file structure-v1.cif (mmCIF, C-alpha atoms)
data_target
loop_
_atom_site.label_atom_id
_atom_site.label_comp_id
_atom_site.auth_asym_id
_atom_site.auth_seq_id
_atom_site.Cartn_x
_atom_site.Cartn_y
_atom_site.Cartn_z
CA MET A 161 -7.21 21.31 9.11
CA GLN A 162 -8.27 17.88 7.87
CA GLU A 163 -10.70 15.39 9.42
CA TYR A 164 -9.96 11.85 8.25
CA ILE A 165 -12.98 9.51 8.26
CA SER A 166 -11.68 6.70 6.04
CA ALA A 167 -9.70 6.14 2.86
CA ASN A 168 -12.86 7.17 1.00
CA GLU A 169 -13.82 10.26 2.99
CA SER A 170 -12.17 13.32 4.55
CA HIS A 171 -13.13 16.95 5.22
CA LEU A 172 -11.45 20.35 5.54
CA TYR A 173 -11.85 23.04 8.20
CA LEU A 174 -10.49 26.53 8.79
CA TYR A 175 -9.42 27.41 12.32
CA ASP A 176 -9.61 31.12 13.13
CA LEU A 177 -6.76 31.87 15.52
CA ALA A 178 -8.32 35.15 16.74
CA SER A 179 -11.83 33.90 17.49
CA GLN A 180 -10.72 30.30 18.13
CA LYS A 181 -13.60 29.07 15.99
CA LEU A 182 -13.55 26.04 13.72
CA LEU A 183 -15.29 26.68 10.40
CA ASN A 184 -16.35 24.14 7.82
CA ILE A 185 -14.68 24.60 4.45
CA THR A 186 -16.21 21.51 2.88
CA ASP A 187 -19.65 19.99 3.39
CA ARG A 188 -19.49 17.55 6.32
CA ASN A 189 -22.68 15.88 5.07
CA GLN A 190 -21.16 14.99 1.70
CA LYS A 191 -19.97 11.41 2.01
CA SER A 192 -17.39 9.43 0.02
CA VAL A 193 -15.29 12.43 -1.00
CA VAL A 194 -11.57 12.84 -0.24
CA GLN A 195 -10.40 16.41 0.55
CA SER A 196 -6.93 16.97 1.95
CA ALA A 197 -3.59 18.83 1.97
CA ALA A 198 -4.98 22.38 1.92
CA LYS A 199 -2.52 25.28 1.51
CA PHE A 200 -3.10 29.01 1.11
CA SER A 201 -2.33 30.55 -2.29
CA LYS A 202 -1.07 34.11 -2.91
CA ASN A 203 -4.67 35.18 -2.39
CA LYS A 204 -5.61 34.62 1.25
CA ASP A 205 -9.16 33.77 0.18
CA VAL A 206 -8.08 30.96 -2.17
CA ILE A 207 -6.62 27.60 -1.18
CA TYR A 208 -4.99 24.77 -3.10
CA PHE A 209 -6.08 21.30 -2.03
CA LEU A 210 -6.40 17.69 -3.21
CA THR A 211 -9.79 16.08 -3.84
CA ASP A 212 -11.55 13.30 -5.74
CA ARG A 213 -14.83 15.28 -5.74
CA ASP A 214 -16.77 14.58 -8.97
CA ASN A 215 -13.95 12.39 -10.26
CA GLU A 216 -12.46 8.89 -9.96
CA PHE A 217 -9.00 10.25 -9.17
CA ILE A 218 -7.59 12.81 -6.75
CA ARG A 219 -6.94 16.14 -8.50
CA LEU A 220 -5.10 19.31 -7.53
CA ALA A 221 -7.71 22.03 -7.23
CA THR A 222 -8.34 25.54 -5.93
CA MET A 223 -11.25 26.73 -3.81
CA ASP A 224 -12.42 30.29 -3.22
CA LEU A 225 -13.20 30.33 0.49
CA LYS A 226 -15.86 33.03 0.08
CA SER A 227 -17.80 31.71 -2.90
CA LYS A 228 -16.80 28.03 -2.39
CA LYS A 229 -16.13 27.86 -6.14
CA ILE A 230 -13.78 24.99 -7.05
CA ASP A 231 -11.49 24.89 -10.10
CA TYR A 232 -9.77 21.62 -11.01
CA ILE A 233 -6.24 21.93 -12.34
CA THR A 234 -5.00 18.41 -13.17
CA SER A 235 -8.05 16.86 -14.83
CA ALA A 236 -5.96 15.81 -17.84
CA ILE A 237 -3.95 13.43 -15.61
CA LYS A 238 -6.00 10.27 -15.07
CA TRP A 239 -4.16 9.30 -11.89
CA ASN A 240 -4.01 10.46 -8.29
CA VAL A 241 -2.04 13.53 -7.28
CA GLU A 242 -0.43 12.28 -4.08
CA ASN A 243 1.01 15.48 -2.65
CA PHE A 244 2.18 18.97 -3.57
CA THR A 245 4.31 21.79 -2.22
CA LEU A 246 4.39 25.56 -2.91
CA SER A 247 7.49 27.63 -3.53
CA LYS A 248 8.25 30.31 -0.94
CA ASP A 249 6.93 33.06 -3.24
CA LYS A 250 3.96 30.85 -4.21
CA SER A 251 4.76 31.22 -7.90
CA LYS A 252 5.41 27.51 -8.43
CA ILE A 253 3.93 24.22 -7.27
CA ALA A 254 5.66 20.85 -7.36
CA PHE A 255 3.25 17.92 -7.30
CA VAL A 256 3.72 14.16 -7.39
CA THR A 257 1.38 11.73 -9.15
CA ASN A 258 0.94 8.01 -8.63
CA GLU A 259 0.66 6.45 -12.10
CA GLU A 260 0.06 2.68 -11.74
CA GLY A 261 2.46 2.54 -8.80
CA ILE A 262 5.15 4.77 -10.31
CA ASN A 263 5.68 8.35 -9.12
CA GLN A 264 6.00 11.25 -11.55
CA LEU A 265 7.08 14.78 -10.60
CA TYR A 266 5.50 17.90 -12.15
CA ILE A 267 6.16 21.64 -11.90
CA LEU A 268 3.24 24.06 -12.16
CA ASP A 269 3.24 27.82 -12.76
CA THR A 270 0.60 29.33 -10.45
CA ASN A 271 0.18 32.38 -12.69
CA ASN A 272 -1.47 30.32 -15.44
CA ASN A 273 -1.75 26.78 -13.94
CA ASN A 274 0.33 25.32 -16.78
CA TYR A 275 2.38 22.33 -15.71
CA SER A 276 4.93 19.91 -17.16
CA LYS A 277 6.64 16.71 -16.08
CA VAL A 278 10.21 16.85 -14.78
CA PRO A 279 12.18 14.89 -17.41
CA GLY A 280 15.02 12.42 -16.96
CA LEU A 281 13.92 10.72 -13.73
CA LYS A 282 14.28 6.96 -13.47
CA ASN A 283 11.11 5.14 -12.41
CA GLY A 284 10.69 4.93 -8.67
CA LEU A 285 9.19 6.65 -5.63
CA ILE A 286 9.40 10.39 -4.92
CA SER A 287 8.81 12.14 -1.60
CA SER A 288 9.59 15.18 0.57
CA ALA A 289 9.72 17.77 -2.23
CA GLU A 290 10.58 21.28 -1.00
CA PHE A 291 11.58 24.45 -2.83
CA ALA A 292 14.75 26.28 -1.87
CA ASN A 293 14.42 29.78 -0.39
CA ASP A 294 15.50 31.34 -3.70
CA ASN A 295 12.50 29.68 -5.47
CA LYS A 296 14.84 28.50 -8.24
CA ARG A 297 15.53 24.93 -7.11
CA LEU A 298 13.50 22.00 -5.89
CA PHE A 299 14.90 19.39 -3.53
CA PHE A 300 13.26 15.97 -3.26
CA SER A 301 13.94 12.43 -2.11
CA LYS A 302 13.78 9.51 -4.52
CA SER A 303 14.33 5.76 -4.54
CA SER A 304 14.43 3.29 -7.44
CA ASP A 305 15.03 -0.42 -7.94
CA ASP A 306 18.81 -0.06 -7.51
CA SER A 307 18.99 2.67 -4.85
CA SER A 308 17.37 3.42 -1.53
CA LEU A 309 16.16 6.91 -0.66
CA ASP A 310 18.49 9.69 -1.84
CA VAL A 311 18.33 13.49 -2.10
CA TYR A 312 18.10 15.20 -5.50
CA ASP A 313 18.11 18.83 -6.63
CA PHE A 314 16.17 20.07 -9.70
CA ASN A 315 17.22 23.46 -11.10
CA LEU A 316 14.06 25.10 -12.48
CA ASN A 317 16.01 27.32 -14.90
CA SER A 318 18.56 24.89 -16.37
CA LYS A 319 16.30 21.82 -15.91
CA LYS A 320 19.36 19.98 -14.56
CA ILE A 321 18.94 17.24 -11.94
CA THR A 322 21.77 16.77 -9.42
CA ARG A 323 22.00 13.81 -7.07
CA TRP A 324 23.30 14.93 -3.68
CA THR A 325 23.58 11.66 -1.75
CA GLU A 326 24.53 8.03 -2.36
CA SER A 327 22.89 5.98 0.36
CA GLU A 328 24.58 2.98 1.93
CA LEU A 329 23.66 -0.36 0.32
CA GLY A 330 25.88 -2.60 2.41
CA GLU A 331 27.42 -5.31 0.23
CA MET A 332 24.58 -5.32 -2.33
CA GLN A 333 25.68 -4.65 -5.89
CA LYS A 334 23.42 -2.76 -8.28
CA GLU A 335 23.75 -5.42 -10.96
CA ASP A 336 22.38 -8.00 -8.49
CA MET A 337 19.19 -6.07 -7.72
CA SER A 338 15.91 -7.05 -9.35
CA ALA A 339 13.96 -4.38 -11.24
CA PRO A 340 10.14 -4.34 -11.15
CA ASN A 341 8.04 -5.12 -14.21
CA LEU A 342 4.45 -3.84 -14.24
CA ILE A 343 2.17 -6.81 -14.97
CA SER A 344 -1.60 -7.18 -15.32
CA TRP A 345 -4.13 -10.01 -15.35
CA THR A 346 -7.89 -10.34 -15.64
CA SER A 347 -9.89 -11.40 -12.61
CA PHE A 348 -13.10 -13.47 -12.42
CA ASP A 349 -15.35 -10.52 -13.37
CA ASN A 350 -13.06 -9.13 -16.12
CA GLN A 351 -11.63 -6.53 -13.73
CA LYS A 352 -8.04 -5.65 -14.67
CA ILE A 353 -5.64 -6.19 -11.76
CA THR A 354 -2.01 -5.07 -11.78
CA GLY A 355 1.10 -5.66 -9.74
CA PHE A 356 4.88 -5.56 -9.82
CA TYR A 357 6.92 -8.63 -10.76
CA TYR A 358 10.56 -8.83 -9.68
CA PRO A 359 12.27 -11.65 -11.63
CA ALA A 360 14.75 -14.02 -10.08
CA SER A 361 18.38 -13.50 -11.03
CA LYS A 362 19.26 -14.83 -14.48
CA LYS A 363 22.02 -16.97 -12.95
CA PHE A 364 19.25 -19.40 -11.91
CA THR A 365 17.90 -21.74 -14.58
CA GLY A 366 14.61 -23.58 -14.94
CA LYS A 367 11.18 -22.58 -13.70
CA ARG A 368 11.49 -20.32 -10.68
CA PRO A 369 9.46 -20.56 -7.46
CA VAL A 370 7.30 -17.53 -6.60
CA ILE A 371 6.51 -15.52 -3.47
CA ILE A 372 3.32 -13.45 -3.69
CA ASN A 373 3.53 -10.61 -1.15
CA ILE A 374 0.16 -8.92 -0.50
CA HIS A 375 0.11 -5.41 0.97
CA GLY A 376 -1.94 -4.37 3.98
CA GLY A 377 -4.36 -1.55 4.47
CA PRO A 378 -6.39 -2.84 2.68
CA GLU A 379 -6.12 0.57 1.03
CA GLY A 380 -2.35 0.26 0.74
CA GLN A 381 -0.58 -0.03 -2.58
CA SER A 382 2.46 -1.91 -3.82
CA MET A 383 4.63 0.43 -5.87
CA ALA A 384 7.76 0.24 -8.02
CA SER A 385 10.04 0.36 -5.01
CA PHE A 386 13.51 -0.59 -3.85
CA LEU A 387 13.53 -4.23 -2.67
CA GLY A 388 16.29 -3.75 -0.12
CA ALA A 389 16.88 -6.95 1.84
CA ASN A 390 14.26 -8.74 -0.25
CA ASN A 391 16.85 -8.86 -3.05
CA TYR A 392 18.14 -11.86 -1.08
CA TYR A 393 15.17 -13.88 -2.35
CA THR A 394 15.69 -12.98 -6.01
CA ASN A 395 19.50 -12.96 -6.11
CA GLU A 396 20.51 -15.60 -3.55
CA MET A 397 17.54 -17.99 -3.52
CA GLY A 398 16.36 -17.68 -7.12
CA ILE A 399 12.79 -16.81 -6.16
CA ALA A 400 10.57 -14.46 -8.19
CA LEU A 401 8.55 -11.92 -6.22
CA ILE A 402 5.12 -10.56 -7.14
CA PHE A 403 3.47 -7.67 -5.30
CA PRO A 404 -0.19 -7.50 -6.42
CA ASN A 405 -2.59 -4.56 -6.14
CA VAL A 406 -5.89 -6.36 -5.68
CA ARG A 407 -9.19 -4.48 -5.67
CA GLY A 408 -9.39 -2.21 -2.66
CA SER A 409 -5.88 -0.88 -3.29
CA SER A 410 -5.41 2.87 -3.48
CA GLY A 411 -4.12 4.62 -6.59
CA PHE A 412 -6.58 3.20 -9.14
CA GLY A 413 -9.64 5.40 -8.61
CA LYS A 414 -12.19 5.61 -5.81
CA SER A 415 -14.49 2.98 -7.33
CA PHE A 416 -11.63 0.46 -7.33
CA LEU A 417 -10.70 1.54 -3.79
CA ALA A 418 -14.21 0.82 -2.49
CA SER A 419 -14.83 -2.31 -4.56
CA ASP A 420 -13.77 -4.71 -1.76
CA ASN A 421 -15.77 -3.09 1.03
CA GLY A 422 -18.23 -4.98 3.20
CA PHE A 423 -19.81 -8.02 1.56
CA ASN A 424 -17.39 -7.76 -1.41
CA ARG A 425 -14.41 -8.76 0.75
CA MET A 426 -13.73 -12.12 -0.89
CA ASN A 427 -13.60 -10.62 -4.39
CA SER A 428 -10.09 -9.41 -3.57
CA VAL A 429 -9.13 -12.98 -2.66
CA LYS A 430 -10.45 -14.07 -6.06
CA ASP A 431 -8.02 -11.55 -7.58
CA ILE A 432 -5.21 -13.63 -6.07
CA GLY A 433 -6.82 -16.76 -7.50
CA ALA A 434 -6.65 -15.13 -10.94
CA LEU A 435 -2.98 -14.28 -10.31
CA LEU A 436 -2.28 -17.94 -9.53
CA ASP A 437 -3.79 -18.78 -12.94
CA TRP A 438 -1.59 -16.09 -14.55
CA ILE A 439 1.53 -17.58 -12.96
CA ALA A 440 0.62 -21.02 -14.34
CA LYS A 441 0.81 -19.57 -17.87
CA GLN A 442 4.30 -18.06 -17.48
CA GLN A 443 7.05 -20.28 -18.89
CA GLU A 444 9.71 -19.08 -16.43
CA LEU A 445 7.59 -19.51 -13.27
CA ASP A 446 6.82 -22.71 -11.34
CA LYS A 447 3.09 -22.95 -10.59
CA ASP A 448 3.76 -25.83 -8.20
CA ARG A 449 6.03 -23.78 -5.94
CA ILE A 450 4.13 -20.69 -4.80
CA LEU A 451 4.24 -19.15 -1.32
CA ILE A 452 1.75 -16.51 -0.14
CA THR A 453 2.69 -13.87 2.43
CA GLY A 454 1.42 -10.54 3.73
CA GLY A 455 1.07 -8.42 6.84
CA SER A 456 -1.97 -7.07 8.70
CA TYR A 457 -4.81 -7.05 6.13
CA GLY A 458 -2.30 -8.75 3.84
CA GLY A 459 -2.15 -11.38 6.57
CA PHE A 460 -5.89 -11.94 6.26
CA MET A 461 -5.44 -12.24 2.48
CA THR A 462 -2.69 -14.79 3.11
CA LEU A 463 -4.90 -16.85 5.43
CA ALA A 464 -7.90 -16.63 3.10
CA THR A 465 -5.80 -17.69 0.11
CA ALA A 466 -4.45 -20.59 2.16
CA TYR A 467 -7.96 -22.04 2.49
CA GLU A 468 -9.51 -20.85 -0.80
CA TYR A 469 -6.64 -22.03 -3.01
CA ALA A 470 -5.03 -24.71 -0.87
CA ASP A 471 -4.26 -26.92 -3.89
CA LYS A 472 -2.47 -24.13 -5.78
CA ILE A 473 0.05 -23.01 -3.16
CA ARG A 474 2.96 -24.71 -1.43
CA ALA A 475 3.04 -22.72 1.85
CA SER A 476 2.14 -19.40 3.49
CA VAL A 477 3.62 -16.85 5.90
CA ASP A 478 1.04 -14.82 7.84
CA ILE A 479 2.37 -11.68 9.55
CA VAL A 480 0.09 -10.02 12.15
CA GLY A 481 -2.93 -11.15 10.13
CA ILE A 482 -6.66 -11.03 10.88
CA SER A 483 -8.10 -14.53 11.35
CA ASP A 484 -11.71 -13.50 12.08
CA PHE A 485 -13.16 -10.02 11.53
CA ASN A 486 -15.67 -10.55 14.35
CA THR A 487 -13.01 -11.17 16.98
CA PHE A 488 -10.67 -8.60 15.39
CA LEU A 489 -13.25 -5.79 15.66
CA LYS A 490 -14.12 -6.85 19.18
CA ASN A 491 -10.51 -6.83 20.39
CA THR A 492 -8.75 -4.13 18.36
CA GLU A 493 -8.14 -0.86 20.21
CA GLU A 494 -11.35 1.15 20.59
CA TYR A 495 -9.97 4.21 18.75
CA ARG A 496 -9.67 2.11 15.57
CA ARG A 497 -13.05 0.38 15.46
CA ASP A 498 -15.14 2.93 13.59
CA LEU A 499 -12.34 3.48 11.06
CA ARG A 500 -12.16 -0.25 10.37
CA ARG A 501 -15.95 -0.69 10.30
CA ALA A 502 -16.10 1.86 7.48
CA GLU A 503 -13.91 -0.49 5.45
CA TYR A 504 -14.75 -4.03 6.56
CA GLY A 505 -18.34 -3.65 7.73
CA ASP A 506 -20.01 -3.40 11.13
CA GLU A 507 -19.91 -6.61 13.14
CA ARG A 508 -22.88 -5.37 15.19
CA ASP A 509 -25.06 -5.93 12.11
CA PRO A 510 -26.23 -9.58 12.34
CA LYS A 511 -25.96 -10.12 8.56
CA MET A 512 -22.45 -8.71 8.47
CA SER A 513 -21.43 -10.73 11.51
CA GLU A 514 -22.78 -13.86 9.81
CA PHE A 515 -20.75 -13.02 6.70
CA PHE A 516 -17.61 -12.52 8.81
CA THR A 517 -18.19 -15.92 10.40
CA LYS A 518 -18.51 -17.53 6.98
CA ILE A 519 -15.28 -16.09 5.51
CA ALA A 520 -13.12 -16.25 8.67
CA PRO A 521 -9.94 -18.26 8.12
CA MET A 522 -10.44 -19.43 11.73
CA ASN A 523 -13.63 -21.16 10.62
CA ASN A 524 -12.14 -22.67 7.47
CA THR A 525 -9.00 -24.28 8.87
CA GLU A 526 -10.10 -27.74 7.69
CA LYS A 527 -9.46 -26.53 4.12
CA ILE A 528 -5.87 -25.47 4.89
CA LYS A 529 -3.55 -28.24 3.74
CA LYS A 530 -0.11 -26.64 3.41
CA PRO A 531 2.52 -25.54 5.97
CA MET A 532 2.00 -22.13 7.55
CA PHE A 533 4.27 -19.76 9.47
CA ILE A 534 2.47 -17.26 11.76
CA ILE A 535 4.40 -14.19 13.01
CA GLN A 536 3.00 -11.85 15.66
CA GLY A 537 3.89 -9.17 18.21
CA THR A 538 2.46 -9.66 21.71
CA ASN A 539 1.66 -5.96 22.18
CA ASP A 540 -0.07 -5.34 18.84
CA PRO A 541 -2.85 -2.72 19.35
CA ARG A 542 -4.16 -3.03 15.80
CA VAL A 543 -4.41 -6.78 15.19
CA PRO A 544 -4.37 -8.26 18.70
CA VAL A 545 -2.20 -11.27 19.46
CA THR A 546 -5.38 -13.30 20.01
CA GLU A 547 -5.91 -13.35 16.22
CA ALA A 548 -2.64 -15.25 15.78
CA VAL A 549 -2.99 -17.48 18.85
CA GLN A 550 -6.47 -18.75 17.97
CA MET A 551 -5.35 -19.56 14.43
CA LYS A 552 -2.20 -21.29 15.61
CA GLU A 553 -3.98 -23.39 18.23
CA LYS A 554 -6.68 -24.60 15.87
CA LEU A 555 -4.22 -25.56 13.12
CA LYS A 556 -1.97 -27.27 15.65
CA ALA A 557 -4.92 -29.28 17.04
CA GLN A 558 -5.72 -30.45 13.51
CA GLY A 559 -2.18 -31.69 13.02
CA ASN A 560 -1.18 -29.11 10.40
CA VAL A 561 2.45 -28.14 9.90
CA ILE A 562 2.58 -24.83 11.77
CA TRP A 563 5.50 -22.60 12.71
CA TYR A 564 4.83 -19.81 15.20
CA LEU A 565 6.95 -16.80 16.16
CA GLU A 566 5.76 -14.32 18.79
CA ALA A 567 7.89 -11.42 19.99
CA LYS A 568 6.88 -10.26 23.46
CA ASN A 569 8.47 -6.82 23.01
CA GLU A 570 6.87 -5.98 19.63
CA GLY A 571 3.59 -4.57 18.36
CA HIS A 572 2.16 -4.34 14.84
CA GLY A 573 5.15 -5.73 12.96
CA PHE A 574 8.68 -6.13 14.25
CA ARG A 575 10.76 -2.93 14.71
CA LYS A 576 13.74 -3.95 16.84
CA LYS A 577 16.75 -4.99 14.78
CA GLU A 578 17.42 -8.23 16.67
CA ASN A 579 13.81 -9.29 16.11
CA ILE A 580 13.81 -8.25 12.44
CA ASP A 581 16.99 -10.26 11.88
CA PHE A 582 15.52 -13.30 13.64
CA GLN A 583 12.26 -13.05 11.70
CA ARG A 584 14.14 -12.83 8.39
CA ALA A 585 16.38 -15.80 9.23
CA ALA A 586 13.40 -17.90 10.39
CA THR A 587 11.41 -16.99 7.26
CA ILE A 588 14.31 -17.95 5.00
CA ARG A 589 14.59 -21.28 6.82
CA PHE A 590 10.83 -21.89 6.40
CA ILE A 591 11.09 -21.07 2.69
CA GLN A 592 14.03 -23.43 2.26
CA GLU A 593 12.10 -26.23 3.93
CA TYR A 594 8.67 -25.84 2.34
CA LEU A 595 9.04 -23.88 -0.92
CA LEU A 596 12.40 -24.80 -2.42
CA LYS A 597 12.46 -28.53 -1.71
#
call {"tool": "encode", "arguments": {"input": "structure-v1.cif", "output": "structure tokens"}}
result
Amino acid sequence: MQEYISANESHLYLYDLASQKLLNITDRNQKSVVQSAAKFSKNKDVIYFLTDRDNEFIRLATMDLKSKKIDYITSAIKWNVENFTLSKDKSKIAFVTNEEGINQLYILDTNNNNYSKVPGLKNGLISSAEFANDNKRLFFSKSSDDSSLDVYDFNLNSKKITRWTESELGEMQKEDMSAPNLISWTSFDNQKITGFYYPASKKFTGKRPVIINIHGGPEGQSMASFLGANNYYTNEMGIALIFPNVRGSSGFGKSFLASDNGFNRMNSVKDIGALLDWIAKQQELDKDRILITGGSYGGFMTLATAYEYADKIRASVDIVGISDFNTFLKNTEEYRRDLRRAEYGDERDPKMSEFFTKIAPMNNTEKIKKPMFIIQGTNDPRVPVTEAVQMKEKLKAQGNVIWYLEAKNEGHGFRKKENIDFQRAATIRFIQEYLLK
């Protein structure tokens, strides 16, 4: 069993079904170590698990439950192992790595712990790997830039990959879909920041406007994924999309993951400032037509960018974003507060509360000069509707151009199709009015 404290810390336990006792496998007093996904090996006293103990990245490891001796298996791979699965006879392990936002699939022989990458897979995202009952084939799901999630079969003997499904893409054509390019830029402190750039269709000429879409979390990660409906922006509107992985994103080591915590919060916003400078140097991109968007924590990043770099953007779209960490932590559901304090800081600390007051977009609205669209669900338990309302009311009172969309039957992001369709149509209209003109 796993106890999840935060993105930087988790612990493992063994539950004895006979005695009904919960036993510590890992040291509960050891902080800032990730330990997860435990599975029994052939030997009932040895487990496989994932951990970043004594390392920047999460490795596949074994632990002897009696001696507590740990052996690390994937140290040669300088990226996170995201997940793994055992064959039915426990002779093979399939594990998936996250290498700068691109998944790779490996097969490991448990007799000697030798492993190799599955060849011939197009870049994309891999999930749900499971061995067949005969232990000779591995089934997994995969998406790429020109296909949504599909089922594949890897024959361990012949090394042949067979695609089983062809998911519905509506009227989208593969040749019209934008493929991600991994890009990097240097931030204010020489920290390397990366992201994925989806170019506008080549049928559009001249410098192209840009939408920067910032992930939430903040320990989320933008990966080389299928754009889906967002291909409308690249193929129909001629807009380039950039999905940055600012500091605090997962997948780049635990130091990078923790580098935005607490009083370092605005350093991640500076990473977006450096991206704006990178865009200005690209011949095919229009530095004077940039829109910022993001949801949840990405919404805070959107709001903070709107006041920090008001002269460098054209507009912004904030989706269920945090407008003040003090009010957010006060009003978010109680079960989430300690989890969020571990990341953002504790508002009960006067110095931290003062810092939150200083950086709050709510308290910097006078610096916001460009049109903003705020989107919110009334029943959001994570980022309460009050975060959106207070931001909207203050901007409106100042005379800013403000669009506001609130769905009374939604929570943290829209889920009902009619609302998703309306949100997309309204966003496209906002973009046409304030980015493309």
call {"tool": "resolve_selection", "arguments": {"input": "structure-v1.cif", "expression": "the PyMOL selection byres ((chain A and resi 354-361) around 8)", "output": "ChimeraX atom specification"}}
result
/A:336,338-345,352-353,362-364,368,382-384,393-395,398-406
call {"tool": "resolve_selection", "arguments": {"input": "structure-v1.cif", "expression": "the PyMOL selection byres ((chain A and resi 326) around 9)", "output": "list in words"}}
result
Ser307, Ser308, Leu309, Asp310, Val311, Arg323, Trp324, Thr325, Ser327, Glu328 and Leu329 of chain A
call {"tool": "resolve_selection", "arguments": {"input": "structure-v1.cif", "expression": "the PyMOL selection byres ((chain A and resi 596) around 9)", "output": "PDB file with C-alpha atoms, in the coordinates of the input"}}
result
ATOM      1  CA  PRO A 369       9.460 -20.560  -7.460  1.00  0.00           C
ATOM      2  CA  MET A 397      17.540 -17.990  -3.520  1.00  0.00           C
ATOM      3  CA  ILE A 399      12.790 -16.810  -6.160  1.00  0.00           C
ATOM      4  CA  ARG A 449       6.030 -23.780  -5.940  1.00  0.00           C
ATOM      5  CA  ILE A 591      11.090 -21.070   2.690  1.00  0.00           C
ATOM      6  CA  GLN A 592      14.030 -23.430   2.260  1.00  0.00           C
ATOM      7  CA  GLU A 593      12.100 -26.230   3.930  1.00  0.00           C
ATOM      8  CA  TYR A 594       8.670 -25.840   2.340  1.00  0.00           C
ATOM      9  CA  LEU A 595       9.040 -23.880  -0.920  1.00  0.00           C
ATOM     10  CA  LYS A 597      12.460 -28.530  -1.710  1.00  0.00           C
TER      11      LYS A 597
END
call {"tool": "closest_residue", "arguments": {"input": "structure-v1.cif", "among": "A:Ser303, A:Ala466, A:Arg584, A:His572", "to": "Glu526 in chain A", "atoms": "only C-alpha atoms"}}
result
A:Ala466
call {"tool": "closest_residue", "arguments": {"input": "structure-v1.cif", "among": "A:Gly366, A:Pro279, A:Gly377, A:Gly433", "to": "Gly481 in chain A", "atoms": "all atoms listed in the file"}}
result
A:Gly377
call {"tool": "closest_residue", "arguments": {"input": "structure-v1.cif", "among": "A:Ala557, A:Leu172, A:Val256, A:Ile374", "to": "Gln190 in chain A", "atoms": "all atoms listed in the file"}}
result
A:Leu172
call {"tool": "residues_around", "arguments": {"input": "structure-v1.cif", "residues": "Asn215 in chain A", "least_positions_apart": "4", "cutoff": "10 Å", "atoms": "only C-alpha atoms", "output": "PyMOL selection string"}}
result
chain A and resi 193+211+219+235+238+413-415
call {"tool": "atom_distance", "arguments": {"input": "structure-v1.cif", "atom1": "CA of Ile482 in chain A", "atom2": "CA of Gly422 in chain A"}}
result
15.1 Å
call {"tool": "atom_distance", "arguments": {"input": "structure-v1.cif", "atom1": "CA of Thr462 in chain A", "atom2": "CA of Ile165 in chain A"}}
result
26.9 Å
call {"tool": "residues_around", "arguments": {"input": "structure-v1.cif", "residues": "range 491-494 of chain A", "least_positions_apart": "4", "cutoff": "10 Å", "atoms": "all atoms listed in the file", "output": "list in words"}}
result
Phe485, Asn486, Thr487, Asp498, Leu499, Arg500, Asp540, Pro541, Arg542, Val543, Pro544, Val545, Thr546 and Glu547 of chain A
call {"tool": "closest_atom_pairs", "arguments": {"input": "structure-v1.cif", "of": "range 292-364 of chain A", "to": "range 264-278 of chain A", "cutoff": "10 Å", "atoms": "only C-alpha atoms", "output": "CSV"}}
result
residue,atom,partner,partner_atom,distance
A:Leu298,CA,A:Ile267,CA,9.5
A:Phe300,CA,A:Leu265,CA,9.7
A:Phe314,CA,A:Val278,CA,8.5
A:Leu316,CA,A:Ile267,CA,8.6
A:Lys319,CA,A:Val278,CA,7.9
A:Lys320,CA,A:Val278,CA,9.7
A:Ile321,CA,A:Val278,CA,9.2
call {"tool": "write_last_selection", "arguments": {"input": "structure-v1.cif", "atoms": "C-alpha atoms", "output": "compact mmCIF listing (two decimals), in the frame of the given file"}}
result
# COMPACT_ATOMS: atom_id res chain seq x y z
CA LEU A 298 13.50 22.00 -5.89
CA PHE A 300 13.26 15.97 -3.26
CA PHE A 314 16.17 20.07 -9.70
CA LEU A 316 14.06 25.10 -12.48
CA LYS A 319 16.30 21.82 -15.91
CA LYS A 320 19.36 19.98 -14.56
CA ILE A 321 18.94 17.24 -11.94
call {"tool": "residues_around", "arguments": {"input": "structure-v1.cif", "residues": "Phe348 in chain A", "least_positions_apart": "3", "cutoff": "8 Å", "atoms": "all atoms listed in the file", "output": "mmCIF file with C-alpha atoms, in the frame of the given file"}}
result
data_model
loop_
_atom_site.group_PDB
_atom_site.id
_atom_site.type_symbol
_atom_site.label_atom_id
_atom_site.label_comp_id
_atom_site.auth_asym_id
_atom_site.auth_seq_id
_atom_site.Cartn_x
_atom_site.Cartn_y
_atom_site.Cartn_z
ATOM 1 C CA GLN A 351 -11.630 -6.530 -13.730
ATOM 2 C CA LYS A 430 -10.450 -14.070 -6.060
ATOM 3 C CA ASP A 431 -8.020 -11.550 -7.580
ATOM 4 C CA ALA A 434 -6.650 -15.130 -10.940
#
call {"tool": "atom_distance", "arguments": {"input": "structure-v1.cif", "atom1": "CA of Phe533 in chain A", "atom2": "CA of Ala475 in chain A"}}
result
8.3 Å
call {"tool": "axis_aligned_box", "arguments": {"input": "structure-v1.cif", "around": "range 248-263 of chain A", "padding_each_side": "5 Å", "output": "AutoDock Vina command-line options"}}
result
--center_x 4.2 --center_y 17.8 --center_z -6.5 --size_x 18.2 --size_y 40.5 --size_z 21.2
call {"tool": "closest_residue", "arguments": {"input": "structure-v1.cif", "among": "A:Met522, A:Ile286, A:Ile432, A:Leu565", "to": "Tyr312 in chain A", "atoms": "only C-alpha atoms"}}
result
A:Ile286
call {"tool": "closest_residue", "arguments": {"input": "structure-v1.cif", "among": "A:Asp306, A:Ile237, A:Pro378, A:Lys367", "to": "Leu445 in chain A", "atoms": "all atoms listed in the file"}}
result
A:Lys367
call {"tool": "closest_residue", "arguments": {"input": "structure-v1.cif", "among": "A:Phe488, A:Phe217, A:Phe209, A:Tyr467", "to": "Leu417 in chain A", "atoms": "all atoms listed in the file"}}
result
A:Phe217
